[in-house]
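What follows is target_23.pdb (PDB, N, CA and C atoms, pLDDT in the B column).
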```pdb
ATOM      1  N   MET A   6     -26.310  -0.794  19.364  1.00 49.00           N
ATOM      2  CA  MET A   6     -26.822   0.088  18.355  1.00 49.00           C
ATOM      3  C   MET A   6     -27.558   1.227  19.055  1.00 49.00           C
ATOM      4  N   ALA A   7     -27.259   2.460  18.675  1.00 55.00           N
ATOM      5  CA  ALA A   7     -27.895   3.610  19.279  1.00 55.00           C
ATOM      6  C   ALA A   7     -29.290   3.798  18.698  1.00 55.00           C
ATOM      7  N   ASP A   8     -30.101   4.597  19.380  1.00 57.00           N
ATOM      8  CA  ASP A   8     -31.455   4.856  18.901  1.00 57.00           C
ATOM      9  C   ASP A   8     -31.413   5.554  17.554  1.00 57.00           C
ATOM     10  N   GLY A   9     -32.212   5.081  16.621  1.00 58.00           N
ATOM     11  CA  GLY A   9     -32.304   5.733  15.325  1.00 58.00           C
ATOM     12  C   GLY A   9     -31.315   5.231  14.291  1.00 58.00           C
ATOM     13  N   GLU A  10     -30.387   4.387  14.670  1.00 55.00           N
ATOM     14  CA  GLU A  10     -29.421   3.878  13.690  1.00 55.00           C
ATOM     15  C   GLU A  10     -30.045   2.752  12.884  1.00 55.00           C
ATOM     16  N   GLN A  11     -29.673   2.706  11.643  1.00 57.00           N
ATOM     17  CA  GLN A  11     -30.139   1.647  10.769  1.00 57.00           C
ATOM     18  C   GLN A  11     -29.142   0.494  10.808  1.00 57.00           C
ATOM     19  N   PRO A  12     -29.593  -0.743  10.911  1.00 55.00           N
ATOM     20  CA  PRO A  12     -28.644  -1.870  10.870  1.00 55.00           C
ATOM     21  C   PRO A  12     -28.046  -1.993   9.483  1.00 55.00           C
ATOM     22  N   ARG A  13     -26.786  -2.347   9.422  1.00 56.00           N
ATOM     23  CA  ARG A  13     -26.082  -2.507   8.151  1.00 56.00           C
ATOM     24  C   ARG A  13     -25.856  -3.981   7.884  1.00 56.00           C
ATOM     25  N   SER A  14     -25.991  -4.323   6.632  1.00 53.00           N
ATOM     26  CA  SER A  14     -25.619  -5.686   6.265  1.00 53.00           C
ATOM     27  C   SER A  14     -24.160  -5.668   5.858  1.00 53.00           C
ATOM     28  N   PRO A  15     -23.354  -6.662   6.237  1.00 50.00           N
ATOM     29  CA  PRO A  15     -21.916  -6.637   5.948  1.00 50.00           C
ATOM     30  C   PRO A  15     -21.609  -6.651   4.457  1.00 50.00           C
ATOM     31  N   GLY A  16     -22.478  -7.222   3.632  1.00 51.00           N
ATOM     32  CA  GLY A  16     -22.198  -7.296   2.207  1.00 51.00           C
ATOM     33  C   GLY A  16     -22.427  -5.998   1.478  1.00 51.00           C
ATOM     34  N   SER A  17     -23.234  -5.098   2.031  1.00 48.00           N
ATOM     35  CA  SER A  17     -23.564  -3.873   1.312  1.00 48.00           C
ATOM     36  C   SER A  17     -22.547  -2.774   1.524  1.00 48.00           C
ATOM     37  N   ARG A  18     -21.618  -2.968   2.435  1.00 49.00           N
ATOM     38  CA  ARG A  18     -20.651  -1.927   2.732  1.00 49.00           C
ATOM     39  C   ARG A  18     -19.609  -1.816   1.648  1.00 49.00           C
ATOM     40  N   GLY A  19     -19.407  -0.625   1.118  1.00 48.00           N
ATOM     41  CA  GLY A  19     -18.347  -0.380   0.160  1.00 48.00           C
ATOM     42  C   GLY A  19     -18.660  -0.790  -1.258  1.00 48.00           C
ATOM     43  N   VAL A  20     -19.888  -1.199  -1.539  1.00 48.00           N
ATOM     44  CA  VAL A  20     -20.219  -1.638  -2.894  1.00 48.00           C
ATOM     45  C   VAL A  20     -20.191  -0.457  -3.840  1.00 48.00           C
ATOM     46  N   SER A  21     -20.797   0.664  -3.443  1.00 49.00           N
ATOM     47  CA  SER A  21     -20.832   1.816  -4.338  1.00 49.00           C
ATOM     48  C   SER A  21     -19.431   2.392  -4.525  1.00 49.00           C
ATOM     49  N   ASP A  22     -18.597   2.364  -3.478  1.00 49.00           N
ATOM     50  CA  ASP A  22     -17.233   2.873  -3.607  1.00 49.00           C
ATOM     51  C   ASP A  22     -16.423   2.048  -4.587  1.00 49.00           C
ATOM     52  N   ALA A  23     -16.565   0.737  -4.529  1.00 49.00           N
ATOM     53  CA  ALA A  23     -15.824  -0.128  -5.433  1.00 49.00           C
ATOM     54  C   ALA A  23     -16.281   0.081  -6.870  1.00 49.00           C
ATOM     55  N   ARG A  24     -17.571   0.328  -7.053  1.00 48.00           N
ATOM     56  CA  ARG A  24     -18.090   0.528  -8.394  1.00 48.00           C
ATOM     57  C   ARG A  24     -17.541   1.829  -8.983  1.00 48.00           C
ATOM     58  N   HIS A  25     -17.469   2.885  -8.165  1.00 49.00           N
ATOM     59  CA  HIS A  25     -16.965   4.165  -8.652  1.00 49.00           C
ATOM     60  C   HIS A  25     -15.464   4.142  -8.867  1.00 49.00           C
ATOM     61  N   ALA A  26     -14.751   3.291  -8.138  1.00 51.00           N
ATOM     62  CA  ALA A  26     -13.300   3.228  -8.263  1.00 51.00           C
ATOM     63  C   ALA A  26     -12.889   2.680  -9.630  1.00 51.00           C
ATOM     64  N   ARG A  27     -13.744   1.849 -10.244  1.00 53.00           N
ATOM     65  CA  ARG A  27     -13.396   1.268 -11.530  1.00 53.00           C
ATOM     66  C   ARG A  27     -13.698   2.207 -12.692  1.00 53.00           C
ATOM     67  N   GLU A  28     -14.524   3.242 -12.455  1.00 52.00           N
ATOM     68  CA  GLU A  28     -14.862   4.167 -13.527  1.00 52.00           C
ATOM     69  C   GLU A  28     -13.678   5.084 -13.800  1.00 52.00           C
ATOM     70  N   PRO A  29     -13.442   5.437 -15.059  1.00 53.00           N
ATOM     71  CA  PRO A  29     -12.323   6.338 -15.357  1.00 53.00           C
ATOM     72  C   PRO A  29     -12.578   7.720 -14.776  1.00 53.00           C
ATOM     73  N   GLN A  30     -11.517   8.358 -14.323  1.00 55.00           N
ATOM     74  CA  GLN A  30     -11.657   9.670 -13.721  1.00 55.00           C
ATOM     75  C   GLN A  30     -11.918  10.741 -14.782  1.00 55.00           C
ATOM     76  N   VAL A  31     -11.346  10.601 -15.939  1.00 50.00           N
ATOM     77  CA  VAL A  31     -11.465  11.605 -16.985  1.00 50.00           C
ATOM     78  C   VAL A  31     -12.587  11.178 -17.923  1.00 50.00           C
ATOM     79  N   THR A  32     -13.696  11.907 -17.895  1.00 55.00           N
ATOM     80  CA  THR A  32     -14.812  11.574 -18.768  1.00 55.00           C
ATOM     81  C   THR A  32     -14.871  12.496 -19.972  1.00 55.00           C
ATOM     82  N   THR A  33     -14.195  13.662 -19.914  1.00 54.00           N
ATOM     83  CA  THR A  33     -14.230  14.607 -21.024  1.00 54.00           C
ATOM     84  C   THR A  33     -13.251  14.218 -22.119  1.00 54.00           C
ATOM     85  N   GLY A  34     -12.280  13.390 -21.811  1.00 58.00           N
ATOM     86  CA  GLY A  34     -11.305  12.964 -22.804  1.00 58.00           C
ATOM     87  C   GLY A  34     -10.181  13.969 -22.977  1.00 58.00           C
ATOM     88  N   ASP A  35     -10.082  14.933 -22.095  1.00 65.00           N
ATOM     89  CA  ASP A  35      -9.025  15.935 -22.196  1.00 65.00           C
ATOM     90  C   ASP A  35      -7.692  15.314 -21.802  1.00 65.00           C
ATOM     91  N   VAL A  36      -6.708  15.417 -22.673  1.00 70.00           N
ATOM     92  CA  VAL A  36      -5.408  14.782 -22.450  1.00 70.00           C
ATOM     93  C   VAL A  36      -4.680  15.423 -21.273  1.00 70.00           C
ATOM     94  N   THR A  37      -4.777  16.735 -21.116  1.00 73.00           N
ATOM     95  CA  THR A  37      -4.068  17.399 -20.022  1.00 73.00           C
ATOM     96  C   THR A  37      -4.602  16.949 -18.673  1.00 73.00           C
ATOM     97  N   ASP A  38      -5.914  16.739 -18.561  1.00 80.00           N
ATOM     98  CA  ASP A  38      -6.478  16.238 -17.301  1.00 80.00           C
ATOM     99  C   ASP A  38      -5.943  14.849 -16.993  1.00 80.00           C
ATOM    100  N   ALA A  39      -5.822  14.008 -18.018  1.00 79.00           N
ATOM    101  CA  ALA A  39      -5.312  12.662 -17.814  1.00 79.00           C
ATOM    102  C   ALA A  39      -3.859  12.696 -17.356  1.00 79.00           C
ATOM    103  N   GLN A  40      -3.071  13.591 -17.962  1.00 80.00           N
ATOM    104  CA  GLN A  40      -1.666  13.687 -17.570  1.00 80.00           C
ATOM    105  C   GLN A  40      -1.534  14.203 -16.151  1.00 80.00           C
ATOM    106  N   GLU A  41      -2.365  15.204 -15.786  1.00 81.00           N
ATOM    107  CA  GLU A  41      -2.302  15.746 -14.432  1.00 81.00           C
ATOM    108  C   GLU A  41      -2.732  14.699 -13.413  1.00 81.00           C
ATOM    109  N   SER A  42      -3.769  13.937 -13.726  1.00 91.00           N
ATOM    110  CA  SER A  42      -4.208  12.929 -12.768  1.00 91.00           C
ATOM    111  C   SER A  42      -3.163  11.820 -12.648  1.00 91.00           C
ATOM    112  N   ASP A  43      -2.499  11.502 -13.755  1.00 91.00           N
ATOM    113  CA  ASP A  43      -1.439  10.491 -13.715  1.00 91.00           C
ATOM    114  C   ASP A  43      -0.265  10.992 -12.875  1.00 91.00           C
ATOM    115  N   ALA A  44       0.086  12.253 -13.053  1.00 91.00           N
ATOM    116  CA  ALA A  44       1.173  12.832 -12.263  1.00 91.00           C
ATOM    117  C   ALA A  44       0.790  12.880 -10.782  1.00 91.00           C
ATOM    118  N   ALA A  45      -0.455  13.226 -10.512  1.00 93.00           N
ATOM    119  CA  ALA A  45      -0.911  13.271  -9.116  1.00 93.00           C
ATOM    120  C   ALA A  45      -0.880  11.881  -8.510  1.00 93.00           C
ATOM    121  N   ARG A  46      -1.274  10.871  -9.280  1.00 94.00           N
ATOM    122  CA  ARG A  46      -1.244   9.495  -8.786  1.00 94.00           C
ATOM    123  C   ARG A  46       0.184   9.076  -8.470  1.00 94.00           C
ATOM    124  N   ARG A  47       1.130   9.442  -9.356  1.00 94.00           N
ATOM    125  CA  ARG A  47       2.536   9.091  -9.103  1.00 94.00           C
ATOM    126  C   ARG A  47       3.068   9.800  -7.870  1.00 94.00           C
ATOM    127  N   ARG A  48       2.674  11.071  -7.664  1.00 95.00           N
ATOM    128  CA  ARG A  48       3.104  11.789  -6.460  1.00 95.00           C
ATOM    129  C   ARG A  48       2.548  11.137  -5.201  1.00 95.00           C
ATOM    130  N   ARG A  49       1.261  10.773  -5.228  1.00 96.00           N
ATOM    131  CA  ARG A  49       0.671  10.102  -4.063  1.00 96.00           C
ATOM    132  C   ARG A  49       1.343   8.767  -3.800  1.00 96.00           C
ATOM    133  N   ARG A  50       1.647   8.026  -4.859  1.00 97.00           N
ATOM    134  CA  ARG A  50       2.308   6.718  -4.709  1.00 97.00           C
ATOM    135  C   ARG A  50       3.703   6.896  -4.125  1.00 97.00           C
ATOM    136  N   ALA A  51       4.447   7.898  -4.621  1.00 97.00           N
ATOM    137  CA  ALA A  51       5.794   8.148  -4.098  1.00 97.00           C
ATOM    138  C   ALA A  51       5.742   8.528  -2.620  1.00 97.00           C
ATOM    139  N   GLN A  52       4.767   9.366  -2.254  1.00 97.00           N
ATOM    140  CA  GLN A  52       4.617   9.755  -0.850  1.00 97.00           C
ATOM    141  C   GLN A  52       4.293   8.536   0.004  1.00 97.00           C
ATOM    142  N   PHE A  53       3.399   7.677  -0.477  1.00 97.00           N
ATOM    143  CA  PHE A  53       3.038   6.470   0.258  1.00 97.00           C
ATOM    144  C   PHE A  53       4.254   5.572   0.452  1.00 97.00           C
ATOM    145  N   LEU A  54       5.048   5.377  -0.608  1.00 97.00           N
ATOM    146  CA  LEU A  54       6.215   4.505  -0.504  1.00 97.00           C
ATOM    147  C   LEU A  54       7.255   5.079   0.451  1.00 97.00           C
ATOM    148  N   ARG A  55       7.417   6.417   0.454  1.00 97.00           N
ATOM    149  CA  ARG A  55       8.344   7.041   1.411  1.00 97.00           C
ATOM    150  C   ARG A  55       7.883   6.783   2.838  1.00 97.00           C
ATOM    151  N   GLU A  56       6.590   6.976   3.104  1.00 98.00           N
ATOM    152  CA  GLU A  56       6.074   6.760   4.455  1.00 98.00           C
ATOM    153  C   GLU A  56       6.164   5.292   4.857  1.00 98.00           C
ATOM    154  N   LEU A  57       5.929   4.393   3.911  1.00 97.00           N
ATOM    155  CA  LEU A  57       6.035   2.961   4.202  1.00 97.00           C
ATOM    156  C   LEU A  57       7.469   2.592   4.570  1.00 97.00           C
ATOM    157  N   HIS A  58       8.432   3.102   3.811  1.00 96.00           N
ATOM    158  CA  HIS A  58       9.842   2.827   4.090  1.00 96.00           C
ATOM    159  C   HIS A  58      10.229   3.367   5.466  1.00 96.00           C
ATOM    160  N   GLU A  59       9.753   4.570   5.778  1.00 97.00           N
ATOM    161  CA  GLU A  59      10.050   5.168   7.079  1.00 97.00           C
ATOM    162  C   GLU A  59       9.449   4.333   8.210  1.00 97.00           C
ATOM    163  N   ALA A  60       8.228   3.843   8.007  1.00 95.00           N
ATOM    164  CA  ALA A  60       7.578   3.023   9.030  1.00 95.00           C
ATOM    165  C   ALA A  60       8.326   1.711   9.231  1.00 95.00           C
ATOM    166  N   LYS A  61       8.817   1.125   8.143  1.00 92.00           N
ATOM    167  CA  LYS A  61       9.582  -0.123   8.263  1.00 92.00           C
ATOM    168  C   LYS A  61      10.886   0.117   9.013  1.00 92.00           C
ATOM    169  N   GLN A  62      11.543   1.240   8.736  1.00 93.00           N
ATOM    170  CA  GLN A  62      12.779   1.547   9.459  1.00 93.00           C
ATOM    171  C   GLN A  62      12.509   1.742  10.944  1.00 93.00           C
ATOM    172  N   LEU A  63      11.423   2.426  11.261  1.00 94.00           N
ATOM    173  CA  LEU A  63      11.063   2.636  12.666  1.00 94.00           C
ATOM    174  C   LEU A  63      10.786   1.306  13.352  1.00 94.00           C
ATOM    175  N   ARG A  64      10.042   0.423  12.672  1.00 91.00           N
ATOM    176  CA  ARG A  64       9.741  -0.893  13.245  1.00 91.00           C
ATOM    177  C   ARG A  64      11.023  -1.683  13.486  1.00 91.00           C
ATOM    178  N   ASP A  65      11.973  -1.600  12.538  1.00 90.00           N
ATOM    179  CA  ASP A  65      13.242  -2.304  12.713  1.00 90.00           C
ATOM    180  C   ASP A  65      14.033  -1.763  13.898  1.00 90.00           C
ATOM    181  N   ARG A  66      13.938  -0.452  14.122  1.00 92.00           N
ATOM    182  CA  ARG A  66      14.663   0.137  15.256  1.00 92.00           C
ATOM    183  C   ARG A  66      14.056  -0.257  16.583  1.00 92.00           C
ATOM    184  N   VAL A  67      12.736  -0.322  16.649  1.00 94.00           N
ATOM    185  CA  VAL A  67      12.112  -0.606  17.945  1.00 94.00           C
ATOM    186  C   VAL A  67      11.981  -2.100  18.209  1.00 94.00           C
ATOM    187  N   GLN A  68      12.152  -2.939  17.184  1.00 92.00           N
ATOM    188  CA  GLN A  68      12.099  -4.391  17.373  1.00 92.00           C
ATOM    189  C   GLN A  68      13.334  -5.031  16.748  1.00 92.00           C
ATOM    190  N   PRO A  69      14.512  -4.822  17.347  1.00 91.00           N
ATOM    191  CA  PRO A  69      15.746  -5.297  16.713  1.00 91.00           C
ATOM    192  C   PRO A  69      15.820  -6.816  16.570  1.00 91.00           C
ATOM    193  N   ARG A  70      15.252  -7.557  17.506  1.00 93.00           N
ATOM    194  CA  ARG A  70      15.324  -9.020  17.407  1.00 93.00           C
ATOM    195  C   ARG A  70      14.520  -9.510  16.205  1.00 93.00           C
ATOM    196  N   ARG A  71      13.343  -8.962  16.028  1.00 91.00           N
ATOM    197  CA  ARG A  71      12.511  -9.350  14.889  1.00 91.00           C
ATOM    198  C   ARG A  71      13.170  -8.934  13.570  1.00 91.00           C
ATOM    199  N   ALA A  72      13.797  -7.757  13.562  1.00 91.00           N
ATOM    200  CA  ALA A  72      14.468  -7.281  12.348  1.00 91.00           C
ATOM    201  C   ALA A  72      15.648  -8.188  12.002  1.00 91.00           C
ATOM    202  N   ARG A  73      16.405  -8.604  13.021  1.00 92.00           N
ATOM    203  CA  ARG A  73      17.541  -9.489  12.770  1.00 92.00           C
ATOM    204  C   ARG A  73      17.069 -10.835  12.241  1.00 92.00           C
ATOM    205  N   ALA A  74      15.999 -11.364  12.826  1.00 94.00           N
ATOM    206  CA  ALA A  74      15.460 -12.644  12.363  1.00 94.00           C
ATOM    207  C   ALA A  74      14.980 -12.540  10.912  1.00 94.00           C
ATOM    208  N   ALA A  75      14.361 -11.410  10.569  1.00 91.00           N
ATOM    209  CA  ALA A  75      13.895 -11.214   9.189  1.00 91.00           C
ATOM    210  C   ALA A  75      15.078 -11.142   8.227  1.00 91.00           C
ATOM    211  N   ARG A  76      16.155 -10.474   8.642  1.00 92.00           N
ATOM    212  CA  ARG A  76      17.367 -10.409   7.789  1.00 92.00           C
ATOM    213  C   ARG A  76      17.946 -11.802   7.581  1.00 92.00           C
ATOM    214  N   MET A  77      17.982 -12.592   8.649  1.00 94.00           N
ATOM    215  CA  MET A  77      18.516 -13.957   8.547  1.00 94.00           C
ATOM    216  C   MET A  77      17.658 -14.815   7.603  1.00 94.00           C
ATOM    217  N   ARG A  78      16.330 -14.687   7.726  1.00 94.00           N
ATOM    218  CA  ARG A  78      15.451 -15.438   6.815  1.00 94.00           C
ATOM    219  C   ARG A  78      15.664 -15.022   5.367  1.00 94.00           C
ATOM    220  N   GLN A  79      15.814 -13.713   5.139  1.00 92.00           N
ATOM    221  CA  GLN A  79      16.053 -13.224   3.774  1.00 92.00           C
ATOM    222  C   GLN A  79      17.382 -13.762   3.229  1.00 92.00           C
ATOM    223  N   GLN A  80      18.422 -13.762   4.055  1.00 93.00           N
ATOM    224  CA  GLN A  80      19.712 -14.302   3.615  1.00 93.00           C
ATOM    225  C   GLN A  80      19.604 -15.784   3.281  1.00 93.00           C
ATOM    226  N   MET A  81      18.851 -16.519   4.082  1.00 93.00           N
ATOM    227  CA  MET A  81      18.670 -17.946   3.803  1.00 93.00           C
ATOM    228  C   MET A  81      17.909 -18.149   2.493  1.00 93.00           C
ATOM    229  N   ARG A  82      16.882 -17.334   2.275  1.00 92.00           N
ATOM    230  CA  ARG A  82      16.154 -17.444   1.009  1.00 92.00           C
ATOM    231  C   ARG A  82      17.069 -17.161  -0.174  1.00 92.00           C
ATOM    232  N   MET A  83      17.932 -16.164  -0.038  1.00 92.00           N
ATOM    233  CA  MET A  83      18.830 -15.815  -1.148  1.00 92.00           C
ATOM    234  C   MET A  83      19.881 -16.905  -1.367  1.00 92.00           C
ATOM    235  N   ARG A  84      20.331 -17.550  -0.297  1.00 91.00           N
ATOM    236  CA  ARG A  84      21.313 -18.609  -0.433  1.00 91.00           C
ATOM    237  C   ARG A  84      20.743 -19.842  -1.133  1.00 91.00           C
ATOM    238  N   THR A  85      19.464 -20.106  -0.890  1.00 88.00           N
ATOM    239  CA  THR A  85      18.869 -21.319  -1.440  1.00 88.00           C
ATOM    240  C   THR A  85      18.131 -21.052  -2.759  1.00 88.00           C
ATOM    241  N   PHE A  86      18.159 -19.817  -3.232  1.00 82.00           N
ATOM    242  CA  PHE A  86      17.465 -19.489  -4.469  1.00 82.00           C
ATOM    243  C   PHE A  86      18.230 -20.045  -5.671  1.00 82.00           C
ATOM    244  N   ARG A  87      17.520 -20.632  -6.605  1.00 75.00           N
ATOM    245  CA  ARG A  87      18.157 -21.176  -7.823  1.00 75.00           C
ATOM    246  C   ARG A  87      17.728 -20.367  -9.021  1.00 75.00           C
ATOM    247  N   TRP A  88      18.684 -20.103  -9.911  1.00 68.00           N
ATOM    248  CA  TRP A  88      18.376 -19.334 -11.137  1.00 68.00           C
ATOM    249  C   TRP A  88      17.811 -20.210 -12.160  1.00 68.00           C
TER     250      TRP A  88
END
```

If you convert what's in this file into structure tokens, what do you get?
Amino acid sequence: MADGEQPRSPGSRGVSDARHAREPQVTTGDVTDAQESDAARRRRRAQFLRELHEAKQLRDRVQPRRARAARMRQQMRMRTFRW
């Protein structure tokens, strides 16, 4: 710990952030703001999913043995799945 730093308790970290995350973003009740925030959320989610897919493809390319083993496990799960 450097001079002047305050010690942190592990339980107090992120409490205020979690509390604010549950509050609604639109407090004025304006419908257009809600639609814009919903559209922005969908755009951020789509961007995240694109980056996640790209990262998975990169991982499969650089670790072919692990990717092949994962494909084999998935095929086995599908073969033994019952409807």

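One finds CA of Arg64 in chain A at 29.1 Å from atom C of Ala44 in chain A.
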
Take CA of Ala60 in chain A and CA of Thr85 in chain A and report the distance between them in Å, one decimal.
->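 These two atoms are separated by 28.8 Å.
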
What separates atom N of Arg48 in chain A and atom C of Val36 in chain A is a distance of 16.1 Å

Once 5 Å is added on each side, what centre and edge lengths in Å to one decimal does the axis-aligned box around all listed atoms of range 56-73 of chain A have, as lines of an AutoDock Vina configuration file?
```
center_x = 11.7
center_y = -1.9
center_z = 10.7
size_x = 21.6
size_y = 27.8
size_z = 25.1
```
